[in-house]
>>> print(open('coords05.cif').read())   # mmCIF, C-alpha atoms
data_input
#
loop_
_atom_site.label_atom_id
_atom_site.label_comp_id
_atom_site.auth_asym_id
_atom_site.auth_seq_id
_atom_site.Cartn_x
_atom_site.Cartn_y
_atom_site.Cartn_z
CA MET A 1 52.36 53.43 149.72
CA ALA A 2 54.10 56.78 150.16
CA ALA A 3 52.57 58.02 146.90
CA ILE A 4 49.06 57.09 148.12
CA GLU A 5 49.69 58.91 151.40
CA ASP A 6 50.91 61.97 149.49
CA LEU A 7 47.76 61.99 147.36
CA ALA A 8 45.60 61.64 150.47
CA ARG A 9 47.41 64.56 152.07
CA LEU A 10 46.98 66.66 148.94
CA ALA A 11 43.26 65.79 148.84
CA SER A 12 42.91 66.86 152.48
CA ASP A 13 44.72 70.12 151.72
CA ALA A 14 42.37 70.69 148.79
CA GLU A 15 39.33 70.24 151.06
CA ARG A 16 40.63 72.84 153.52
CA GLU A 17 41.48 75.20 150.69
CA LEU A 18 37.96 74.83 149.28
CA GLU A 19 36.44 75.78 152.64
CA THR A 20 38.68 78.85 152.80
CA ASN A 21 37.89 79.90 149.24
CA ALA A 22 34.15 79.35 149.70
CA ALA A 23 34.23 81.51 152.83
CA GLU A 24 35.91 84.28 150.84
CA VAL A 25 33.20 84.01 148.17
CA ASP A 26 30.60 84.42 150.91
CA ARG A 27 32.37 87.50 152.31
CA ILE A 28 32.85 89.21 148.96
CA LEU A 29 29.36 88.53 147.62
CA HIS A 30 27.77 89.96 150.75
CA ILE A 31 29.51 93.21 149.82
CA CYS A 32 28.46 92.86 146.18
CA ASN A 33 24.86 92.19 147.22
CA ALA A 34 24.84 95.48 149.10
CA CYS A 35 26.36 97.42 146.19
CA ARG A 36 24.94 95.84 142.98
CA TYR A 37 26.73 98.22 140.63
CA CYS A 38 27.70 95.23 138.44
CA GLU A 39 24.25 93.64 138.36
CA SER A 40 23.90 93.92 134.57
CA PHE A 41 27.43 92.74 133.70
CA CYS A 42 26.89 88.97 133.48
CA ALA A 43 24.85 86.08 134.86
CA VAL A 44 26.79 85.90 138.15
CA PHE A 45 25.27 89.01 139.68
CA PRO A 46 21.57 88.36 138.94
CA ALA A 47 22.12 84.83 140.30
CA MET A 48 23.79 86.36 143.35
CA THR A 49 20.71 88.50 144.14
CA ARG A 50 18.66 85.33 144.63
CA ARG A 51 20.73 84.49 147.72
CA LEU A 52 21.49 86.19 151.03
CA ASP A 53 24.18 83.72 152.10
CA PHE A 54 26.51 81.59 150.00
CA ASN A 55 27.42 78.01 150.92
CA VAL A 56 29.96 75.75 149.22
CA ALA A 57 27.45 74.62 146.58
CA ASP A 58 26.62 78.26 145.77
CA ALA A 59 30.32 79.04 145.50
CA HIS A 60 30.82 76.20 142.97
CA TYR A 61 27.76 77.28 140.99
CA LEU A 62 28.66 80.97 140.78
CA ALA A 63 32.34 80.21 140.14
CA ASN A 64 31.44 78.16 137.07
CA LEU A 65 28.91 80.74 135.95
CA CYS A 66 31.73 83.32 135.90
CA HIS A 67 33.65 83.62 132.60
CA ASN A 68 36.41 85.76 134.15
CA CYS A 69 35.83 88.67 131.78
CA SER A 70 37.01 90.87 134.72
CA ALA A 71 34.72 93.79 133.88
CA CYS A 72 33.51 93.80 137.49
CA LEU A 73 37.07 94.07 138.84
CA TYR A 74 37.79 97.29 136.95
CA ALA A 75 34.35 98.73 137.75
CA CYS A 76 34.49 97.93 141.47
CA GLN A 77 35.05 100.76 143.95
CA TYR A 78 35.99 98.21 146.61
CA ALA A 79 38.67 96.40 144.57
CA PRO A 80 42.24 96.26 145.91
CA PRO A 81 43.90 98.31 147.30
CA HIS A 82 40.62 99.16 149.06
CA GLU A 83 40.48 97.61 152.53
CA PHE A 84 37.49 95.44 151.49
CA GLY A 85 39.70 93.79 148.84
CA VAL A 86 36.81 92.75 146.59
CA ASN A 87 38.16 90.72 143.66
CA VAL A 88 35.32 88.65 142.24
CA PRO A 89 37.14 87.17 139.16
CA LYS A 90 40.14 85.88 141.10
CA THR A 91 38.12 84.58 144.04
CA LEU A 92 35.73 82.68 141.78
CA ALA A 93 38.67 81.38 139.71
CA GLN A 94 40.13 79.84 142.87
CA VAL A 95 36.85 78.04 143.58
CA ARG A 96 36.66 76.93 139.94
CA ARG A 97 40.01 75.22 140.38
CA ASP A 98 38.60 73.49 143.48
CA THR A 99 35.63 72.29 141.39
CA TYR A 100 37.95 70.25 139.15
CA VAL A 101 39.16 68.32 142.20
CA GLU A 102 35.94 68.18 144.26
CA TYR A 103 33.93 66.46 141.51
CA ALA A 104 36.76 64.59 139.78
CA PHE A 105 36.51 60.84 139.24
CA PRO A 106 38.67 59.45 140.64
CA LYS A 107 39.47 62.38 142.92
CA SER A 108 43.15 61.46 143.29
CA LEU A 109 43.75 62.07 139.58
CA GLY A 110 42.11 65.48 139.88
CA VAL A 111 44.46 66.34 142.75
CA LEU A 112 47.50 65.19 140.76
CA TYR A 113 46.58 67.12 137.63
CA ARG A 114 45.76 70.27 139.58
CA ARG A 115 49.23 70.33 141.12
CA ASN A 116 51.23 69.48 138.00
CA GLY A 117 48.95 69.93 134.99
CA LEU A 118 51.56 70.79 132.36
CA THR A 119 54.01 68.16 133.60
CA VAL A 120 51.38 65.41 133.76
CA ALA A 121 50.00 66.27 130.31
CA MET A 122 53.43 66.25 128.66
CA ALA A 123 54.65 63.19 130.56
CA VAL A 124 51.62 61.10 129.58
CA SER A 125 51.73 62.22 125.94
CA LEU A 126 55.47 61.79 125.45
CA GLY A 127 55.45 58.55 127.43
CA VAL A 128 52.78 57.03 125.17
CA ALA A 129 54.59 58.34 122.09
CA ALA A 130 57.85 56.78 123.28
CA PHE A 131 56.09 53.46 123.89
CA LEU A 132 54.61 53.49 120.38
CA ILE A 133 57.96 54.43 118.84
CA GLY A 134 59.52 51.50 120.70
CA ALA A 135 56.80 49.19 119.37
CA ILE A 136 57.54 50.33 115.81
CA LEU A 137 61.28 49.83 116.29
CA MET A 138 60.67 46.28 117.44
CA GLN A 139 59.04 45.65 114.05
CA GLY A 140 61.92 47.16 112.08
CA SER A 141 62.52 50.84 111.30
CA LEU A 142 60.87 54.16 112.10
CA PHE A 143 61.31 55.28 108.50
CA VAL A 144 59.57 53.08 105.96
CA HIS A 145 59.17 53.82 102.26
CA GLY A 146 56.20 52.82 100.15
CA LEU A 147 53.40 52.82 102.71
CA GLU A 148 51.72 55.95 101.26
CA GLY A 149 49.74 56.82 104.35
CA GLN A 150 48.75 53.26 105.23
CA PHE A 151 48.38 53.91 108.96
CA TYR A 152 46.97 50.48 109.70
CA ALA A 153 50.09 48.86 108.34
CA ILE A 154 51.83 50.34 111.38
CA PHE A 155 49.12 49.84 114.01
CA PRO A 156 46.11 47.61 113.22
CA HIS A 157 42.79 49.41 113.15
CA ASN A 158 41.16 47.15 115.75
CA LEU A 159 44.05 47.72 118.17
CA LEU A 160 43.75 51.50 117.84
CA ALA A 161 39.97 51.35 118.14
CA VAL A 162 40.17 49.35 121.38
CA LEU A 163 42.94 51.42 123.00
CA PHE A 164 41.68 54.88 122.08
CA GLY A 165 38.04 53.91 122.41
CA ALA A 166 38.71 52.75 125.97
CA ALA A 167 40.60 55.96 126.82
CA PHE A 168 37.85 58.13 125.34
CA GLY A 169 35.16 56.07 127.05
CA PHE A 170 36.89 56.48 130.40
CA SER A 171 37.08 60.26 129.89
CA VAL A 172 33.39 60.47 128.99
CA LEU A 173 32.48 58.34 132.04
CA ALA A 174 34.65 60.44 134.38
CA LEU A 175 33.20 63.71 133.01
CA ALA A 176 29.65 62.36 133.30
CA ILE A 177 30.18 61.30 136.92
CA GLY A 178 31.74 64.69 137.69
CA VAL A 179 28.93 66.76 136.20
CA ILE A 180 26.25 64.56 137.82
CA ARG A 181 27.91 65.13 141.21
CA PHE A 182 28.08 68.86 140.48
CA TRP A 183 24.44 69.04 139.39
CA ARG A 184 23.17 67.13 142.40
CA GLN A 185 24.93 69.50 144.76
CA VAL A 186 23.97 72.80 143.10
CA SER A 187 20.43 71.99 141.91
CA GLU A 188 17.22 72.27 143.90
CA PRO A 189 15.64 68.81 144.26
CA GLY A 190 11.93 68.36 143.99
CA LYS A 191 11.23 71.38 141.81
CA PRO A 192 9.90 71.04 138.24
CA VAL A 193 12.46 71.86 135.56
CA PRO A 194 11.27 74.03 132.62
CA LEU A 195 13.81 72.25 130.46
CA PRO A 196 13.13 73.06 126.76
CA ASN A 197 13.31 76.86 126.95
CA ALA A 198 16.00 76.83 129.62
CA ALA A 199 18.12 74.33 127.70
CA GLY A 200 17.85 76.43 124.54
CA GLU A 201 18.94 79.58 126.35
CA ALA A 202 21.87 77.79 128.00
CA ALA A 203 22.95 76.25 124.68
CA ARG A 204 22.95 79.68 123.00
CA ALA A 205 25.04 81.12 125.84
CA VAL A 206 27.53 78.25 125.51
CA LEU A 207 27.80 78.29 121.72
CA THR A 208 28.13 82.09 121.44
CA LEU A 209 30.26 82.59 124.58
CA ARG A 210 27.77 85.28 125.47
CA TYR A 211 29.35 86.23 128.78
CA LEU A 212 32.78 86.90 127.33
CA ASP A 213 31.56 90.27 126.06
CA GLY A 214 32.07 92.08 129.36
CA GLY A 215 28.36 92.87 129.64
CA HIS A 216 28.56 95.57 126.98
CA ARG A 217 29.72 93.62 123.89
CA ASP A 218 33.13 95.33 123.86
CA GLY A 219 34.90 92.26 125.21
CA CYS A 220 36.99 91.29 128.22
CA ASN A 221 39.78 92.94 130.14
CA ASN A 222 43.06 91.11 129.96
CA GLU A 223 46.19 92.94 131.07
CA ASP A 224 44.59 96.32 131.87
CA ASP A 225 41.28 98.18 131.76
CA ALA A 226 41.19 98.20 127.93
CA PHE A 227 38.51 95.98 126.41
CA THR A 228 39.38 93.27 123.92
CA LEU A 229 37.35 90.71 121.98
CA TRP A 230 40.38 88.53 121.29
CA ARG A 231 39.79 86.25 124.27
CA ARG A 232 36.33 85.48 122.96
CA ARG A 233 37.64 84.98 119.40
CA PHE A 234 40.43 82.64 120.46
CA HIS A 235 37.94 80.62 122.53
CA HIS A 236 35.76 80.35 119.42
CA PHE A 237 38.71 79.15 117.32
CA THR A 238 39.48 76.55 119.99
CA PHE A 239 35.92 75.36 120.57
CA TYR A 240 34.85 75.14 116.95
CA GLY A 241 38.24 73.77 115.91
CA PHE A 242 37.72 70.95 118.39
CA MET A 243 34.18 70.35 117.17
CA LEU A 244 35.34 70.19 113.54
CA CYS A 245 38.01 67.65 114.48
CA PHE A 246 35.41 65.62 116.36
CA ALA A 247 33.15 65.78 113.29
CA SER A 248 36.07 64.63 111.12
CA THR A 249 36.66 61.60 113.34
CA SER A 250 32.94 60.81 113.40
CA VAL A 251 32.64 60.97 109.60
CA ALA A 252 35.75 58.82 109.20
CA THR A 253 34.22 56.26 111.57
CA LEU A 254 31.08 56.13 109.42
CA TYR A 255 33.20 55.76 106.28
CA HIS A 256 35.08 52.86 107.85
CA TYR A 257 32.19 50.90 109.32
CA LEU A 258 29.29 51.75 107.00
CA PHE A 259 31.04 52.04 103.64
CA ALA A 260 34.15 49.89 104.25
CA MET A 261 36.34 52.85 103.23
CA GLU A 262 39.64 52.73 105.13
CA ALA A 263 42.04 55.59 105.78
CA PRO A 264 43.93 57.34 104.30
CA TYR A 265 41.25 59.47 102.66
CA PRO A 266 41.85 61.85 99.74
CA ILE A 267 42.80 65.44 100.51
CA LEU A 268 39.43 66.72 99.28
CA SER A 269 37.37 64.13 101.17
CA LEU A 270 35.02 65.29 103.92
CA PRO A 271 37.01 63.83 106.87
CA VAL A 272 40.24 65.48 105.68
CA LEU A 273 38.60 68.84 104.96
CA LEU A 274 36.88 68.89 108.35
CA GLY A 275 40.04 67.78 110.13
CA THR A 276 42.22 70.33 108.35
CA ALA A 277 39.86 73.21 109.17
CA GLY A 278 39.58 72.03 112.76
CA GLY A 279 43.34 71.58 113.04
CA ILE A 280 43.97 75.13 111.88
CA GLY A 281 41.45 76.37 114.43
CA LEU A 282 43.24 74.38 117.14
CA LEU A 283 46.53 76.03 116.21
CA ILE A 284 45.20 79.59 116.19
CA GLY A 285 42.96 79.30 119.26
CA PRO A 286 45.39 77.72 121.76
CA ALA A 287 48.30 79.86 120.53
CA GLY A 288 46.19 82.97 121.04
CA LEU A 289 44.97 81.83 124.46
CA PHE A 290 48.57 81.14 125.52
CA TRP A 291 49.59 84.63 124.37
CA LEU A 292 46.76 86.17 126.40
CA ASN A 293 47.55 83.92 129.36
CA ILE A 294 51.14 85.12 129.71
CA ARG A 295 49.98 88.75 129.46
CA ARG A 296 47.09 88.38 131.91
CA ASN A 297 46.94 90.78 134.83
CA PRO A 298 47.78 88.67 137.94
CA MET A 299 44.93 90.39 139.80
CA GLN A 300 42.42 88.77 137.42
CA ALA A 301 43.59 85.18 137.54
CA ASP A 302 44.51 82.42 139.97
CA GLU A 303 48.26 82.03 139.51
CA THR A 304 48.19 78.47 140.82
CA GLN A 305 46.15 77.40 137.79
CA LYS A 306 48.79 78.36 135.25
CA THR A 307 50.23 74.86 134.88
CA MET A 308 46.72 73.40 134.51
CA ASP A 309 45.71 76.03 131.94
CA ARG A 310 48.91 75.74 129.95
CA GLY A 311 48.88 71.94 130.08
CA PHE A 312 45.50 71.89 128.33
CA ILE A 313 46.54 74.60 125.85
CA ALA A 314 49.73 72.70 125.05
CA LEU A 315 47.89 69.41 124.49
CA LEU A 316 45.38 70.98 122.10
CA PHE A 317 48.14 72.75 120.20
CA PHE A 318 50.38 69.70 119.85
CA VAL A 319 47.51 67.35 118.97
CA SER A 320 46.70 69.72 116.12
CA LEU A 321 50.31 70.38 115.09
CA THR A 322 51.25 66.70 114.97
CA GLY A 323 47.98 65.85 113.19
CA LEU A 324 48.58 68.42 110.45
CA ALA A 325 52.22 67.31 110.16
CA LEU A 326 51.04 63.70 109.75
CA LEU A 327 48.62 64.79 107.03
CA ALA A 328 51.32 66.78 105.21
CA TRP A 329 53.93 64.00 105.29
CA ARG A 330 51.75 60.89 105.38
CA ASP A 331 53.11 59.67 102.03
CA THR A 332 56.75 59.93 103.14
CA ALA A 333 59.04 57.57 105.01
CA ALA A 334 58.54 59.69 108.16
CA MET A 335 54.89 58.64 108.46
CA PRO A 336 55.42 55.92 111.17
CA LEU A 337 57.29 58.33 113.45
CA LEU A 338 54.77 61.13 112.93
CA LEU A 339 51.89 58.71 113.56
CA ALA A 340 53.40 57.53 116.86
CA VAL A 341 53.96 61.08 118.09
CA HIS A 342 50.46 62.20 117.08
CA LEU A 343 48.81 59.20 118.73
CA GLY A 344 50.82 59.89 121.89
CA PHE A 345 49.40 63.41 122.18
CA VAL A 346 45.88 62.20 121.36
CA MET A 347 46.10 59.59 124.13
CA GLY A 348 47.48 62.19 126.54
CA PHE A 349 44.57 64.47 125.67
CA PHE A 350 41.99 61.74 126.24
CA LEU A 351 43.44 60.58 129.57
CA THR A 352 43.68 64.07 131.08
CA LEU A 353 40.40 65.36 129.61
CA PRO A 354 38.30 65.12 132.81
CA TYR A 355 40.81 66.87 135.10
CA GLY A 356 41.72 70.19 133.49
CA LYS A 357 40.32 73.07 131.53
CA PHE A 358 38.16 70.89 129.29
CA ALA A 359 36.11 69.97 132.36
CA HIS A 360 35.37 73.64 133.03
CA GLY A 361 33.39 73.78 129.78
CA ILE A 362 31.18 70.94 131.04
CA PHE A 363 30.67 72.44 134.50
CA ARG A 364 30.09 75.89 133.00
CA SER A 365 27.42 74.52 130.68
CA ALA A 366 25.69 72.93 133.69
CA ALA A 367 25.91 76.22 135.61
CA LEU A 368 24.41 78.12 132.67
CA LEU A 369 21.57 75.60 132.50
CA LYS A 370 20.89 76.03 136.23
CA TYR A 371 20.87 79.82 135.76
CA ALA A 372 18.43 79.56 132.85
CA ILE A 373 16.16 77.35 134.98
CA GLU A 374 16.21 79.39 138.16
CA LYS A 375 15.64 82.74 136.44
CA ARG A 376 12.29 81.33 135.26
CA ARG A 377 11.24 80.89 138.87
CA PRO A 378 10.20 83.61 141.34
CA ASN A 379 13.09 85.25 143.15
CA PRO A 380 12.97 83.78 146.67
CA VAL A 381 14.70 86.84 148.09
CA GLN A 382 12.79 89.51 146.18
CA ALA A 383 15.73 91.83 146.58
CA GLY A 384 16.94 92.34 143.02
CA GLY A 385 16.08 92.10 139.35
CA GLU A 386 17.11 89.62 136.71
#
>>> encode(input="coords05.cif", output="structure tokens")
Amino acid sequence: MAAIEDLARLASDAERELETNAAEVDRILHICNACRYCESFCAVFPAMTRRLDFNVADAHYLANLCHNCSACLYACQYAPPHEFGVNVPKTLAQVRRDTYVEYAFPKSLGVLYRRNGLTVAMAVSLGVAAFLIGAILMQGSLFVHGLEGQFYAIFPHNLLAVLFGAAFGFSVLALAIGVIRFWRQVSEPGKPVPLPNAAGEAARAVLTLRYLDGGHRDGCNNEDDAFTLWRRRFHHFTFYGFMLCFASTSVATLYHYLFAMEAPYPILSLPVLLGTAGGIGLLIGPAGLFWLNIRRNPMQADETQKTMDRGFIALLFFVSLTGLALLAWRDTAAMPLLLAVHLGFVMGFFLTLPYGKFAHGIFRSAALLKYAIEKRRPNPVQAGGE
């Protein structure tokens, strides 16, 4: 009962914090609308010129349109220590954090993960791993010779399919509910949607991380006013590493159900090659993002998101590390232990997927689609260019 009351109190605090952060977005963007020096930097500023006032829905939309490249912070004449204190990247980052809670399903899990992202991610992953290790020990020993990568001799395929399929299905459902809630609040009902061209433009922006170039293709600012493309590169390693791993799992599923070919697959088979390439990407990308995260200028980021950011980075890294370790030593006696640890991190990743930094990719994609749609309509304010 006390835990439920604590979550309710945290949810109420989050609502008040959202109102405060949205009000700060409104204050700052009124100043930006009068200045417009940064209008060509990214999609945020052209979208801003289509509004004279900024409500909570606008704050969520613009916050998720922002990629936190921070070019506007270093270009701004009103940035701290100026009395106006204009800090667009940090202010929008604070609202972005609120987005993860406001649209989360269920909301209580979003509140919990926001407060203790790294702790929750590690606790879930290690807890599941410990449970699986205990299940193996009940059958005999953690170290078994002669299995030669026979994963289903440890955990039956149907059991894994049900457990992990249910966890993945829940994550997809929670993300879908979240983005539908987001879209309903930020979109304009009753207006025709020029979907094909707008969807293509939004997809290109997502797949190329267009707005991580600082508006001039030299990259982002990280710890100072020097430009760097490494943030964009590490995001690419992470995103495409994840997609390759997803493709590996999809191909393996087809092998299993269509061709009755069970794991383990040969080293040079398509699932293993895709998974290995993706796993390497998911080592390089998260490690690089963590390195940039600890060097980030505090003025550019919301410090309260560090545990959430690092929880997601840690999960991606350890899912990849344990997966590659399982591949390397799958024919040894250590395979059961490595399998349990890897499955623990995979389950932790699935269960926390809708509440952390993965969700921002979904909301950002929706925000980019809205931007691509609305820029094809007349500017209702007629006070700025696209």
>>> resolve_selection(input="coords05.cif", expression="the PyMOL selection byres ((chain A and resi 206-217) around 10)", output="ChimeraX atom specification")
/A:38-44,65-72,200-205,218-221,227-233,235-236,239-240,361-362,364-366,368-369
>>> resolve_selection(input="coords05.cif", expression="the PyMOL selection byres ((chain A and resi 178) around 12)", output="ChimeraX atom specification")
/A:99-107,110,171-177,179-185,353-355,359-360,362-363,366
>>> write_last_selection(input="coords05.cif", atoms="C-alpha atoms", output="PDB file, keeping the file's coordinate frame")
ATOM      1  CA  THR A  99      35.630  72.290 141.390  1.00  0.00           C
ATOM      2  CA  TYR A 100      37.950  70.250 139.150  1.00  0.00           C
ATOM      3  CA  VAL A 101      39.160  68.320 142.200  1.00  0.00           C
ATOM      4  CA  GLU A 102      35.940  68.180 144.260  1.00  0.00           C
ATOM      5  CA  TYR A 103      33.930  66.460 141.510  1.00  0.00           C
ATOM      6  CA  ALA A 104      36.760  64.590 139.780  1.00  0.00           C
ATOM      7  CA  PHE A 105      36.510  60.840 139.240  1.00  0.00           C
ATOM      8  CA  PRO A 106      38.670  59.450 140.640  1.00  0.00           C
ATOM      9  CA  LYS A 107      39.470  62.380 142.920  1.00  0.00           C
ATOM     10  CA  GLY A 110      42.110  65.480 139.880  1.00  0.00           C
ATOM     11  CA  SER A 171      37.080  60.260 129.890  1.00  0.00           C
ATOM     12  CA  VAL A 172      33.390  60.470 128.990  1.00  0.00           C
ATOM     13  CA  LEU A 173      32.480  58.340 132.040  1.00  0.00           C
ATOM     14  CA  ALA A 174      34.650  60.440 134.380  1.00  0.00           C
ATOM     15  CA  LEU A 175      33.200  63.710 133.010  1.00  0.00           C
ATOM     16  CA  ALA A 176      29.650  62.360 133.300  1.00  0.00           C
ATOM     17  CA  ILE A 177      30.180  61.300 136.920  1.00  0.00           C
ATOM     18  CA  VAL A 179      28.930  66.760 136.200  1.00  0.00           C
ATOM     19  CA  ILE A 180      26.250  64.560 137.820  1.00  0.00           C
ATOM     20  CA  ARG A 181      27.910  65.130 141.210  1.00  0.00           C
ATOM     21  CA  PHE A 182      28.080  68.860 140.480  1.00  0.00           C
ATOM     22  CA  TRP A 183      24.440  69.040 139.390  1.00  0.00           C
ATOM     23  CA  ARG A 184      23.170  67.130 142.400  1.00  0.00           C
ATOM     24  CA  GLN A 185      24.930  69.500 144.760  1.00  0.00           C
ATOM     25  CA  LEU A 353      40.400  65.360 129.610  1.00  0.00           C
ATOM     26  CA  PRO A 354      38.300  65.120 132.810  1.00  0.00           C
ATOM     27  CA  TYR A 355      40.810  66.870 135.100  1.00  0.00           C
ATOM     28  CA  ALA A 359      36.110  69.970 132.360  1.00  0.00           C
ATOM     29  CA  HIS A 360      35.370  73.640 133.030  1.00  0.00           C
ATOM     30  CA  ILE A 362      31.180  70.940 131.040  1.00  0.00           C
ATOM     31  CA  PHE A 363      30.670  72.440 134.500  1.00  0.00           C
ATOM     32  CA  ALA A 366      25.690  72.930 133.690  1.00  0.00           C
TER      33      ALA A 366
END
>>> closest_residue(input="coords05.cif", among="A:Arg36, A:Gln94, A:Val111, A:His342", to="A:Cys76", atoms="all atoms listed in the file")
A:Arg36
>>> residues_around(input="coords05.cif", residues="stretch 77-82 of chain A", least_positions_apart="2", cutoff="12 Å", atoms="all atoms listed in the file", output="PyMOL selection string")
chain A and resi 28-29+31-32+34-38+70-75+84-91+299-300
>>> residues_around(input="coords05.cif", residues="A:Glu374", least_positions_apart="4", cutoff="9 Å", atoms="all atoms listed in the file", output="PDB file with C-alpha atoms, keeping the file's coordinate frame")
ATOM      1  CA  ALA A  47      22.120  84.830 140.300  1.00  0.00           C
ATOM      2  CA  VAL A 193      12.460  71.860 135.560  1.00  0.00           C
ATOM      3  CA  ALA A 198      16.000  76.830 129.620  1.00  0.00           C
ATOM      4  CA  LEU A 369      21.570  75.600 132.500  1.00  0.00           C
ATOM      5  CA  LYS A 370      20.890  76.030 136.230  1.00  0.00           C
ATOM      6  CA  PRO A 378      10.200  83.610 141.340  1.00  0.00           C
ATOM      7  CA  ASN A 379      13.090  85.250 143.150  1.00  0.00           C
TER       8      ASN A 379
END
>>> atom_distance(input="coords05.cif", atom1="atom CA of A:Glu223", atom2="atom CA of A:Pro298")
8.2 Å
>>> residues_around(input="coords05.cif", residues="A:Asn55", least_positions_apart="4", cutoff="12 Å", atoms="only C-alpha atoms", output="VMD selection string")
chain A and resid 18 to 27 29 to 30 48 51 59 to 62 95 185 to 186
>>> write_last_selection(input="coords05.cif", atoms="C-alpha atoms", output="mmCIF file, in the frame of the given file")
data_model
loop_
_atom_site.group_PDB
_atom_site.id
_atom_site.type_symbol
_atom_site.label_atom_id
_atom_site.label_comp_id
_atom_site.auth_asym_id
_atom_site.auth_seq_id
_atom_site.Cartn_x
_atom_site.Cartn_y
_atom_site.Cartn_z
ATOM 1 C CA LEU A 18 37.960 74.830 149.280
ATOM 2 C CA GLU A 19 36.440 75.780 152.640
ATOM 3 C CA THR A 20 38.680 78.850 152.800
ATOM 4 C CA ASN A 21 37.890 79.900 149.240
ATOM 5 C CA ALA A 22 34.150 79.350 149.700
ATOM 6 C CA ALA A 23 34.230 81.510 152.830
ATOM 7 C CA GLU A 24 35.910 84.280 150.840
ATOM 8 C CA VAL A 25 33.200 84.010 148.170
ATOM 9 C CA ASP A 26 30.600 84.420 150.910
ATOM 10 C CA ARG A 27 32.370 87.500 152.310
ATOM 11 C CA LEU A 29 29.360 88.530 147.620
ATOM 12 C CA HIS A 30 27.770 89.960 150.750
ATOM 13 C CA MET A 48 23.790 86.360 143.350
ATOM 14 C CA ARG A 51 20.730 84.490 147.720
ATOM 15 C CA ALA A 59 30.320 79.040 145.500
ATOM 16 C CA HIS A 60 30.820 76.200 142.970
ATOM 17 C CA TYR A 61 27.760 77.280 140.990
ATOM 18 C CA LEU A 62 28.660 80.970 140.780
ATOM 19 C CA VAL A 95 36.850 78.040 143.580
ATOM 20 C CA GLN A 185 24.930 69.500 144.760
ATOM 21 C CA VAL A 186 23.970 72.800 143.100
#
>>> atom_distance(input="coords05.cif", atom1="atom CA of A:Val120", atom2="atom CA of A:Thr276")
27.5 Å
>>> closest_residue(input="coords05.cif", among="A:Asn116, A:Ser125, A:Thr352, A:Thr332", to="A:Leu142", atoms="only C-alpha atoms")
A:Thr332
>>> closest_residue(input="coords05.cif", among="A:Gly134, A:Gly288, A:Gly146, A:Gly127", to="A:Val346", atoms="all atoms listed in the file")
A:Gly127
>>> closest_residue(input="coords05.cif", among="A:Phe170, A:Asn33, A:Leu92, A:Phe312", to="A:Thr49", atoms="all atoms listed in the file")
A:Asn33
>>> axis_aligned_box(input="coords05.cif", around="stretch 194-208 of chain A", padding_each_side="8 Å", output="lines of an AutoDock Vina configuration file")
center_x = 19.7
center_y = 77.2
center_z = 127.0
size_x = 32.9
size_y = 25.8
size_z = 27.2
>>> closest_residue(input="coords05.cif", among="A:Ala226, A:Ala263, A:Val319, A:Ala301", to="A:Phe242", atoms="all atoms listed in the file")
A:Val319
>>> atom_distance(input="coords05.cif", atom1="atom CA of A:Leu324", atom2="atom CA of A:Ala340")
13.5 Å
>>> resolve_selection(input="coords05.cif", expression="the PyMOL selection byres ((chain A and resi 152) around 12)", output="PDB file with C-alpha atoms, in the frame of the given file")
ATOM      1  CA  LEU A 147      53.400  52.820 102.710  1.00  0.00           C
ATOM      2  CA  GLU A 148      51.720  55.950 101.260  1.00  0.00           C
ATOM      3  CA  GLY A 149      49.740  56.820 104.350  1.00  0.00           C
ATOM      4  CA  GLN A 150      48.750  53.260 105.230  1.00  0.00           C
ATOM      5  CA  PHE A 151      48.380  53.910 108.960  1.00  0.00           C
ATOM      6  CA  ALA A 153      50.090  48.860 108.340  1.00  0.00           C
ATOM      7  CA  ILE A 154      51.830  50.340 111.380  1.00  0.00           C
ATOM      8  CA  PHE A 155      49.120  49.840 114.010  1.00  0.00           C
ATOM      9  CA  PRO A 156      46.110  47.610 113.220  1.00  0.00           C
ATOM     10  CA  HIS A 157      42.790  49.410 113.150  1.00  0.00           C
ATOM     11  CA  ASN A 158      41.160  47.150 115.750  1.00  0.00           C
ATOM     12  CA  LEU A 159      44.050  47.720 118.170  1.00  0.00           C
ATOM     13  CA  LEU A 160      43.750  51.500 117.840  1.00  0.00           C
ATOM     14  CA  ALA A 161      39.970  51.350 118.140  1.00  0.00           C
ATOM     15  CA  GLU A 262      39.640  52.730 105.130  1.00  0.00           C
ATOM     16  CA  ALA A 263      42.040  55.590 105.780  1.00  0.00           C
ATOM     17  CA  PRO A 264      43.930  57.340 104.300  1.00  0.00           C
ATOM     18  CA  MET A 335      54.890  58.640 108.460  1.00  0.00           C
ATOM     19  CA  PRO A 336      55.420  55.920 111.170  1.00  0.00           C
ATOM     20  CA  LEU A 339      51.890  58.710 113.560  1.00  0.00           C
ATOM     21  CA  ALA A 340      53.400  57.530 116.860  1.00  0.00           C
TER      22      ALA A 340
END
>>> closest_residue(input="coords05.cif", among="A:Gly279, A:Met308, A:Leu327, A:Ser320", to="A:Phe358", atoms="all atoms listed in the file")
A:Met308
>>> residues_around(input="coords05.cif", residues="A:Ala121", least_positions_apart="5", cutoff="7 Å", atoms="all atoms listed in the file", output="compact mmCIF listing (two decimals) with C-alpha atoms, in the coordinates of the input")
# COMPACT_ATOMS: atom_id res chain seq x y z
CA GLY A 311 48.88 71.94 130.08
CA LEU A 315 47.89 69.41 124.49
CA GLY A 348 47.48 62.19 126.54
CA THR A 352 43.68 64.07 131.08
